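Chemist: Structure file model_23.pdb (PDB, C-alpha atoms) is given on the next line.
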ATOM      1  CA  MET A 477      14.671   1.667 -17.615
ATOM      2  CA  ASP A 478      13.629   1.227 -21.213
ATOM      3  CA  LEU A 479       9.918   1.793 -20.521
ATOM      4  CA  TRP A 480      10.538   5.055 -18.646
ATOM      5  CA  TYR A 481      12.947   6.255 -21.322
ATOM      6  CA  ALA A 482      10.496   5.439 -24.135
ATOM      7  CA  PHE A 483       7.685   7.181 -22.246
ATOM      8  CA  ARG A 484       9.827  10.295 -21.730
ATOM      9  CA  GLN A 485      10.571  10.312 -25.454
ATOM     10  CA  GLY A 486       6.826  10.508 -26.192
ATOM     11  CA  ASP A 487       6.098   6.853 -26.953
ATOM     12  CA  GLU A 488       2.324   6.533 -26.398
ATOM     13  CA  ALA A 489       2.506   2.726 -26.315
ATOM     14  CA  ALA A 490       5.026   2.920 -23.455
ATOM     15  CA  PHE A 491       2.751   5.354 -21.617
ATOM     16  CA  GLN A 492      -0.228   3.020 -22.076
ATOM     17  CA  GLN A 493       1.832   0.048 -20.908
ATOM     18  CA  MET A 494       2.939   1.990 -17.848
ATOM     19  CA  TYR A 495      -0.704   2.760 -17.046
ATOM     20  CA  ARG A 496      -1.750  -0.879 -17.499
ATOM     21  CA  LEU A 497       1.120  -2.092 -15.316
ATOM     22  CA  TYR A 498       0.631   0.285 -12.408
ATOM     23  CA  ALA A 499      -2.906   1.732 -12.332
ATOM     24  CA  ARG A 500      -4.437  -1.125 -10.335
ATOM     25  CA  ASP A 501      -1.616  -1.137  -7.771
ATOM     26  CA  LEU A 502      -1.935   2.631  -7.445
ATOM     27  CA  LEU A 503      -5.675   2.298  -6.858
ATOM     28  CA  ASN A 504      -5.100  -0.348  -4.174
ATOM     29  CA  TYR A 505      -2.440   1.808  -2.535
ATOM     30  CA  GLY A 506      -4.737   4.830  -2.687
ATOM     31  CA  TYR A 507      -7.257   2.903  -0.585
ATOM     32  CA  LYS A 508      -4.589   2.582   2.098
ATOM     33  CA  VAL A 509      -3.957   6.325   2.102
ATOM     34  CA  THR A 510      -7.590   7.484   2.134
ATOM     35  CA  ASN A 511     -11.065   6.007   1.942
ATOM     36  CA  ASP A 512     -12.230   8.752  -0.435
ATOM     37  CA  VAL A 513     -12.676   6.816  -3.701
ATOM     38  CA  PRO A 514     -13.340   9.851  -5.954
ATOM     39  CA  LEU A 515     -10.212  11.547  -4.597
ATOM     40  CA  ILE A 516      -8.139   8.434  -5.308
ATOM     41  CA  GLU A 517      -9.497   8.046  -8.845
ATOM     42  CA  ASP A 518      -9.109  11.760  -9.617
ATOM     43  CA  SER A 519      -5.575  11.773  -8.225
ATOM     44  CA  ILE A 520      -4.517   8.797 -10.353
ATOM     45  CA  HIS A 521      -6.125  10.346 -13.423
ATOM     46  CA  ASP A 522      -4.441  13.703 -12.775
ATOM     47  CA  LEU A 523      -1.121  12.001 -12.042
ATOM     48  CA  PHE A 524      -1.031  10.289 -15.431
ATOM     49  CA  ILE A 525      -2.159  13.434 -17.262
ATOM     50  CA  GLU A 526       0.558  15.470 -15.553
ATOM     51  CA  LEU A 527       3.126  12.774 -16.278
ATOM     52  CA  TRP A 528       2.313  12.867 -19.975
ATOM     53  CA  GLN A 529       2.304  16.660 -20.110
ATOM     54  CA  SER A 530       5.627  17.002 -18.287
ATOM     55  CA  ARG A 531       7.334  13.860 -19.609
ATOM     56  CA  THR A 532      10.193  15.720 -21.284
ATOM     57  CA  ASN A 533      11.079  17.449 -17.992
ATOM     58  CA  LEU A 534      11.091  14.300 -15.876
ATOM     59  CA  SER A 535      14.363  12.895 -14.624
ATOM     60  CA  ASP A 536      15.497   9.294 -14.726
ATOM     61  CA  THR A 537      14.210   6.924 -12.078
ATOM     62  CA  ASP A 538      15.436   3.592 -10.785
ATOM     63  CA  SER A 539      11.873   2.474 -10.084
ATOM     64  CA  ILE A 540       8.803   3.623 -12.008
ATOM     65  CA  ARG A 541       6.635   1.968  -9.388
ATOM     66  CA  PHE A 542       8.280   3.850  -6.530
ATOM     67  CA  TYR A 543       8.037   7.130  -8.421
ATOM     68  CA  LEU A 544       4.307   6.624  -9.077
ATOM     69  CA  PHE A 545       3.474   5.564  -5.493
ATOM     70  CA  ARG A 546       5.320   8.532  -4.029
ATOM     71  CA  SER A 547       3.719  10.900  -6.533
ATOM     72  CA  LEU A 548       0.232   9.586  -5.801
ATOM     73  CA  ARG A 549       0.678   9.973  -2.052
ATOM     74  CA  ASN A 550       1.958  13.532  -2.522
ATOM     75  CA  LYS A 551      -0.922  14.380  -4.859
ATOM     76  CA  ILE A 552      -3.539  13.094  -2.398
ATOM     77  CA  ASN A 553      -1.882  14.969   0.472
ATOM     78  CA  LYS A 554      -1.701  18.214  -1.509
ATOM     79  CA  THR A 555      -5.348  17.965  -2.526
ATOM     80  CA  ARG A 556      -6.451  17.318   1.032
ATOM     81  CA  HIS A 557      -4.418  20.216   2.413
ATOM     82  CA  ARG A 558      -5.335  22.622  -0.380
ATOM     83  CA  ASP A 559      -9.082  21.956  -0.457
ATOM     84  CA  PRO A 560     -10.996  23.127   2.659
ATOM     85  CA  PHE A 561     -13.462  20.272   2.170
ATOM     86  CA  PHE A 562     -10.717  17.729   2.844
ATOM     87  CA  GLN A 563      -9.088  19.591   5.738
ATOM     88  CA  ALA A 564     -11.816  18.393   8.089
ATOM     89  CA  SER A 565     -10.531  14.816   7.988
ATOM     90  CA  ASP A 566      -7.076  13.507   8.749
ATOM     91  CA  ILE A 567      -5.319  11.433   6.049
ATOM     92  CA  ASP A 568      -4.042   9.012   8.676
ATOM     93  CA  THR A 569      -7.525   8.040   9.889
ATOM     94  CA  VAL A 570      -8.259   5.277   7.451
ATOM     95  CA  HIS A 571     -10.997   2.775   8.171
ATOM     96  CA  THR A 572      -9.876  -0.542   6.743
ATOM     97  CA  ALA A 573     -12.035  -3.074   8.564
ATOM     98  CA  ASP A 574     -13.376  -4.485   5.310
ATOM     99  CA  ASP A 575     -10.104  -4.178   3.369
ATOM    100  CA  PHE A 576      -8.724  -7.414   4.754
ATOM    101  CA  ILE A 577     -11.151 -10.292   4.258
ATOM    102  CA  ILE A 578      -9.950 -13.843   4.557
ATOM    103  CA  GLU A 579     -10.980 -16.054   1.684
ATOM    104  CA  ASN A 580     -12.792 -18.769   3.610
ATOM    105  CA  THR A 581     -12.582 -21.268   0.771
ATOM    106  CA  LEU A 582      -8.819 -21.478   1.284
ATOM    107  CA  ILE A 583      -8.997 -22.270   4.957
ATOM    108  CA  GLU A 584      -8.960 -26.019   5.520
ATOM    109  CA  HIS A 585      -9.034 -26.392   9.288
ATOM    110  CA  GLU A 586     -11.004 -24.876  12.157
ATOM    111  CA  GLN A 587      -7.840 -23.868  14.021
ATOM    112  CA  ARG A 588      -6.461 -21.932  11.081
ATOM    113  CA  GLU A 589      -9.748 -20.086  10.742
ATOM    114  CA  GLN A 590      -9.545 -19.099  14.400
ATOM    115  CA  VAL A 591      -5.974 -17.887  13.982
ATOM    116  CA  HIS A 592      -7.017 -15.806  10.974
ATOM    117  CA  GLN A 593      -9.853 -14.253  12.928
ATOM    118  CA  GLN A 594      -7.498 -13.350  15.763
ATOM    119  CA  LEU A 595      -4.991 -11.848  13.325
ATOM    120  CA  ARG A 596      -7.678  -9.791  11.629
ATOM    121  CA  LYS A 597      -8.838  -8.379  14.969
ATOM    122  CA  SER A 598      -5.258  -7.558  15.872
ATOM    123  CA  TYR A 599      -4.562  -6.024  12.465
ATOM    124  CA  ASP A 600      -7.549  -3.690  12.814
ATOM    125  CA  LEU A 601      -6.070  -2.483  16.109
ATOM    126  CA  LEU A 602      -2.825  -1.425  14.417
ATOM    127  CA  THR A 603      -2.390   2.257  13.678
ATOM    128  CA  PRO A 604      -3.120   3.377  10.117
ATOM    129  CA  ARG A 605       0.621   4.069   9.636
ATOM    130  CA  GLN A 606       1.503   0.526  10.751
ATOM    131  CA  GLN A 607      -1.108  -0.871   8.360
ATOM    132  CA  GLU A 608       0.252   1.276   5.519
ATOM    133  CA  ALA A 609       3.823   0.169   6.223
ATOM    134  CA  LEU A 610       2.799  -3.512   6.231
ATOM    135  CA  ASN A 611       0.887  -3.025   2.983
ATOM    136  CA  LEU A 612       3.874  -1.392   1.296
ATOM    137  CA  ARG A 613       6.237  -4.084   2.584
ATOM    138  CA  PHE A 614       4.239  -7.280   2.066
ATOM    139  CA  TYR A 615       1.818  -6.430  -0.758
ATOM    140  CA  GLN A 616       3.751  -3.877  -2.769
ATOM    141  CA  HIS A 617       7.192  -5.377  -1.956
ATOM    142  CA  PHE A 618       8.995  -2.099  -1.327
ATOM    143  CA  SER A 619      12.222  -2.033   0.657
ATOM    144  CA  ASN A 620      12.245  -0.370   4.074
ATOM    145  CA  GLU A 621      14.155   2.566   2.617
ATOM    146  CA  GLU A 622      11.551   3.026  -0.127
ATOM    147  CA  ILE A 623       8.753   2.734   2.433
ATOM    148  CA  ALA A 624      10.339   5.505   4.471
ATOM    149  CA  ARG A 625      10.532   7.768   1.437
ATOM    150  CA  ILE A 626       6.959   6.998   0.307
ATOM    151  CA  MET A 627       5.561   7.622   3.786
ATOM    152  CA  GLY A 628       7.693  10.720   4.272
ATOM    153  CA  VAL A 629       9.414   9.443   7.438
ATOM    154  CA  ASN A 630      12.979   8.530   8.291
ATOM    155  CA  TYR A 631      14.290   5.008   7.815
ATOM    156  CA  GLN A 632      14.161   4.142  11.524
ATOM    157  CA  SER A 633      10.502   5.192  11.761
ATOM    158  CA  ALA A 634       9.542   3.018   8.798
ATOM    159  CA  CYS A 635      11.356   0.053  10.352
ATOM    160  CA  ARG A 636       9.669   0.777  13.679
ATOM    161  CA  PHE A 637       6.196   0.794  12.046
ATOM    162  CA  ILE A 638       6.860  -2.595  10.455
ATOM    163  CA  TYR A 639       8.580  -4.149  13.468
ATOM    164  CA  SER A 640       5.995  -2.993  16.003
ATOM    165  CA  ALA A 641       3.107  -4.107  13.769
ATOM    166  CA  LEU A 642       4.604  -7.568  13.267
ATOM    167  CA  LYS A 643       5.413  -7.817  16.972
ATOM    168  CA  THR A 644       1.796  -6.966  17.821
ATOM    169  CA  LEU A 645       0.467  -9.554  15.363
ATOM    170  CA  ARG A 646       2.871 -12.232  16.568
ATOM    171  CA  GLU A 647       2.028 -11.579  20.215
ATOM    172  CA  ALA A 648      -1.713 -11.735  19.525
ATOM    173  CA  VAL A 649      -1.357 -15.048  17.747
ATOM    174  CA  ARG A 650       1.120 -16.427  20.303
ATOM    175  CA  ILE A 651      -1.309 -15.743  23.094
ATOM    176  CA  PHE A 652      -4.110 -17.251  21.050
ATOM    177  CA  SER A 653      -2.351 -20.308  19.724
ATOM    178  CA  TRP A 654       1.277 -21.320  20.217
ATOM    179  CA  GLY A 655       1.221 -24.150  17.715
ATOM    180  CA  LEU A 656       0.009 -22.227  14.683
ATOM    181  CA  LEU A 657       1.940 -18.972  15.070
ATOM    182  CA  TRP A 658       4.018 -19.084  11.911
ATOM    183  CA  VAL A 659       1.479 -21.009   9.857
ATOM    184  CA  GLY A 660      -1.089 -18.360  10.780
ATOM    185  CA  LEU A 661       1.159 -15.433   9.836
ATOM    186  CA  ASP A 662       2.140 -17.041   6.541
ATOM    187  CA  GLU A 663      -1.476 -17.819   5.673
ATOM    188  CA  PHE A 664      -2.585 -14.355   6.761
ATOM    189  CA  PHE A 665      -0.265 -12.610   4.313
ATOM    190  CA  LYS A 666      -1.062 -15.077   1.523
ATOM    191  CA  HIS A 667      -4.836 -14.902   1.756
ATOM    192  CA  ILE A 668      -5.635 -11.363   2.839
ATOM    193  CA  GLN A 669      -6.802  -9.221  -0.038
ATOM    194  CA  PRO A 670      -5.178  -5.761  -0.080
TER     195      PRO A 670
END
Could the structure of this file be written out as structure tokens, please?
Modeler:
Amino acid sequence: MDLWYAFRQGDEAAFQQMYRLYARDLLNYGYKVTNDVPLIEDSIHDLFIELWQSRTNLSDTDSIRFYLFRSLRNKINKTRHRDPFFQASDIDTVHTADDFIIENTLIEHEQREQVHQQLRKSYDLLTPRQQEALNLRFYQHFSNEEIARIMGVNYQSACRFIYSALKTLREAVRIFSWGLLWVGLDEFFKHIQP
């Protein structure tokens, strides 16, 4: 990757471009890992400082985005495990009820609105790991293999998180409304804000 190579060679413009390209996505992903905003912001800040300081020692990567996501998750986990203040709460207990709001202006029909409401209720009932896997798959567009590596689980577990979450959502919508099952799922993933 030309950007990664230029950054490793000390090109400040490449480093700035990398920050502009990925900082917002990292922030959004951080919200899926923990609800501690200062920890997320500090971790992203520290990540980029450490990247710049150790750039000459970094190896090649096929995906800058994957490297940054994995590094951020590791950094948050290390901080939480190292600092006694964070040990009291579990990283997998994320409260995301307000993270997924349907943009009502895009909903044209009463039935679709009802399907969205049912999906949102069902989504909130998913485990935090299932929610994280769906976020990585459908919002961040990582492959299942990359999701497994980011989440620190084996490939089968990552696939199971995604499959069981989608199965739960499909079943909830199927029970609620046979006719709008696929329309509802498509709209859900298009209009939910990560």
Chemist: Applying 7 Å and all atoms listed in the file, which residues near range 598-603 of chain A remain after dropping the ones on its own chain fewer than 4 positions away? List them as a short mmCIF file (atom, residue, chain, number, x, y, z; two decimals) with C-alpha atoms, in the frame of the given file.
Modeler:
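Saved as part_32.cif:
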data_model
loop_
_atom_site.label_atom_id
_atom_site.label_comp_id
_atom_site.auth_asym_id
_atom_site.auth_seq_id
_atom_site.Cartn_x
_atom_site.Cartn_y
_atom_site.Cartn_z
CA ALA A 573 -12.04 -3.07 8.56
CA GLN A 594 -7.50 -13.35 15.76
CA GLN A 607 -1.11 -0.87 8.36
CA ALA A 641 3.11 -4.11 13.77
CA LEU A 645 0.47 -9.55 15.36
CA ALA A 648 -1.71 -11.74 19.52
#
Chemist: Under the PyMOL selection byres ((chain A and resi 495) around 12), which residues of this model are included? Write them out as a list in words.
Modeler: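 Checked against the file, the PyMOL selection byres ((chain A and resi 495) around 12) matches Leu479, Trp480, Phe483, Glu488, Ala489, Ala490, Phe491, Gln492, Gln493, Met494, Arg496, Leu497, Tyr498, Ala499, Arg500, Asp501, Leu502, Leu503, Ile520, His521, Leu523, Phe524, Ile525, Leu527, Trp528, Ile540, Arg541 and Leu544 of chain A.
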Chemist: Any idea what the distance is between CA of Thr537 in chain A and CA of Leu515 in chain A?
Modeler: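 Between CA of Thr537 in chain A and CA of Leu515 in chain A the gap works out to 26.0 Å.
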Chemist: Quick one: distance from CA of Lys551 in chain A to CA of Asp522 in chain A in Å, one decimal?
Modeler: 8.7 Å
Chemist: Evaluate the PyMOL selection byres ((chain A and resi 609-617) around 8) and record the selected residues as a PyMOL selection string, following the chain and residue labels used in the document.
Modeler: chain A and resi 501+508+605-608+618-620+623+634+637-638+641+665+670
Chemist: Using all atoms listed in the file, which of the listed residues (A:Tyr481, A:Gly628, A:Tyr543, A:Ile552) sits closest to Val513 in chain A?
Modeler: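 Checking each of A:Tyr481, A:Gly628, A:Tyr543, A:Ile552 against Val513 in chain A, counting all atoms listed in the file, the winner is A:Ile552.
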Chemist: Work out how far CA of Val509 in chain A is from CA of Lys554 in chain A, in Å to one decimal.
Modeler: 12.6 Å
Chemist: Give me the box for range 546-559 of chain A as lines of an AutoDock Vina configuration file, namely the centre and edge lengths in Å to one decimal of a box along x, y and z that holds every listed atom plus 3 Å on each side.
Modeler:
center_x = -1.9
center_y = 15.6
center_z = -2.1
size_x = 20.4
size_y = 20.1
size_z = 14.9
Chemist: Taking N, CA and C atoms as the atom set, what does range 624-636 of chain A look like once completed, written as an mmCIF file, in the coordinates of the input?
Modeler:
data_model
loop_
_atom_site.group_PDB
_atom_site.id
_atom_site.type_symbol
_atom_site.label_atom_id
_atom_site.label_comp_id
_atom_site.auth_asym_id
_atom_site.auth_seq_id
_atom_site.Cartn_x
_atom_site.Cartn_y
_atom_site.Cartn_z
ATOM 1 N N ALA A 624 10.086 4.260 3.742
ATOM 2 C CA ALA A 624 10.339 5.505 4.471
ATOM 3 C C ALA A 624 10.142 6.715 3.561
ATOM 4 N N ARG A 625 10.658 6.639 2.358
ATOM 5 C CA ARG A 625 10.532 7.768 1.437
ATOM 6 C C ARG A 625 9.094 7.962 0.988
ATOM 7 N N ILE A 626 8.361 6.881 0.719
ATOM 8 C CA ILE A 626 6.959 6.998 0.307
ATOM 9 C C ILE A 626 6.133 7.617 1.428
ATOM 10 N N MET A 627 6.357 7.152 2.654
ATOM 11 C CA MET A 627 5.561 7.622 3.786
ATOM 12 C C MET A 627 6.031 8.973 4.318
ATOM 13 N N GLY A 628 7.181 9.426 3.839
ATOM 14 C CA GLY A 628 7.693 10.720 4.272
ATOM 15 C C GLY A 628 8.230 10.704 5.701
ATOM 16 N N VAL A 629 8.830 9.566 6.107
ATOM 17 C CA VAL A 629 9.414 9.443 7.438
ATOM 18 C C VAL A 629 10.851 8.979 7.289
ATOM 19 N N ASN A 630 11.607 9.018 8.393
ATOM 20 C CA ASN A 630 12.979 8.530 8.291
ATOM 21 C C ASN A 630 12.993 6.998 8.288
ATOM 22 N N TYR A 631 14.144 6.456 7.954
ATOM 23 C CA TYR A 631 14.290 5.008 7.815
ATOM 24 C C TYR A 631 13.939 4.274 9.102
ATOM 25 N N GLN A 632 14.419 4.792 10.239
ATOM 26 C CA GLN A 632 14.161 4.142 11.524
ATOM 27 C C GLN A 632 12.671 4.104 11.834
ATOM 28 N N SER A 633 11.947 5.170 11.505
ATOM 29 C CA SER A 633 10.502 5.192 11.761
ATOM 30 C C SER A 633 9.784 4.153 10.919
ATOM 31 N N ALA A 634 10.164 4.029 9.668
ATOM 32 C CA ALA A 634 9.542 3.018 8.798
ATOM 33 C C ALA A 634 9.798 1.621 9.357
ATOM 34 N N CYS A 635 11.031 1.357 9.763
ATOM 35 C CA CYS A 635 11.356 0.053 10.352
ATOM 36 C C CYS A 635 10.563 -0.169 11.632
ATOM 37 N N ARG A 636 10.413 0.881 12.426
ATOM 38 C CA ARG A 636 9.669 0.777 13.679
ATOM 39 C C ARG A 636 8.201 0.461 13.412
#
